[in-house]
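> Have a look at this one.
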Amino acid sequence: IVLARLKEGEVFGEIALIQDTPTTATCTAVTRGDCLFLPRREFKSILAHHPEILDPLSKITAERIKATKEAMAPQEDYEILEADDLIMI
């Protein structure tokens with residue numbers, strides 16, 4: 001499933017950094033380009049010195065999570081629910 005096509009200057013991997021979780025998707029370049037890898041430790045350091053970047057990144061994260069849920073949702077009218085505990089029978 002293609003979740004997004006990013007343009008120059010856009011970021012990815014922010015969900016894992018902001019939520020302090022493992023990555024939730026993979027990324028494949030379709031054209032040649034440059035990419036900057038930012039380790040979690042460095043991100044936290046930058047965030048400590050520039051907390052103003054958290055709000056725009058949080059907005060991007062919320063939009064991407066919503067788009068991902070919509071892209072992966074069944075085409076029928078089912079509601080996606082989150083569960084703390086789940087038993088499948």
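Going through the structure tokens in order, the chains are called A, B, and so on, while each chain numbers its residues from 1 and the ligands are numbered from 1 in the order shown.
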As a VMD selection string, please: the residues near A:Gly33 (cut-off 12 Å, only C-alpha atoms, same-chain neighbours under 6 positions excluded).

chain A and resid 6 to 9

> Write a file of the selected residues as a CSV table (one decimal), in the first residue's frame, keeping N, CA, C and O atoms.


chain,number,residue,atom,x,y,z
A,6,LEU,N,6.1,11.7,-1.1
A,6,LEU,CA,6.6,12.9,-0.5
A,6,LEU,C,7.4,13.8,-1.5
A,6,LEU,O,7.9,13.2,-2.4
A,7,LYS,N,7.3,15.1,-1.3
A,7,LYS,CA,8.1,16.0,-2.1
A,7,LYS,C,9.3,16.5,-1.4
A,7,LYS,O,9.5,16.3,-0.2
A,8,GLU,N,10.1,17.2,-2.2
A,8,GLU,CA,11.4,17.7,-1.6
A,8,GLU,C,11.1,18.6,-0.4
A,8,GLU,O,10.1,19.4,-0.4
A,9,GLY,N,11.8,18.4,0.7
A,9,GLY,CA,11.7,19.1,1.9
A,9,GLY,C,10.7,18.5,2.9
A,9,GLY,O,10.6,19.0,4.1

> Which residues, written as a PyMOL selection string, have at least one atom at most 10 Å from stretch 1-3 of chain A, with only C-alpha atoms counted and residues fewer than 2 positions away on the same chain left out?

chain A and resi 5-6+25-27+64-65+67-72

> I want to know what sits within 9 Å of A:Thr24, based on only C-alpha atoms, with residues of the same chain fewer than 2 positions away left out; could you give that as a list in words?

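These residues fall inside the cut-off: Gly13, Ile15, Ala16, Thr21, Pro22 and Thr26 of chain A.
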
> Just give me the gap between atom CA of A:Ile18 and atom CA of A:Leu57 in Å, one decimal is fine.

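Going from atom CA of A:Ile18 over to atom CA of A:Leu57 covers 8.0 Å.
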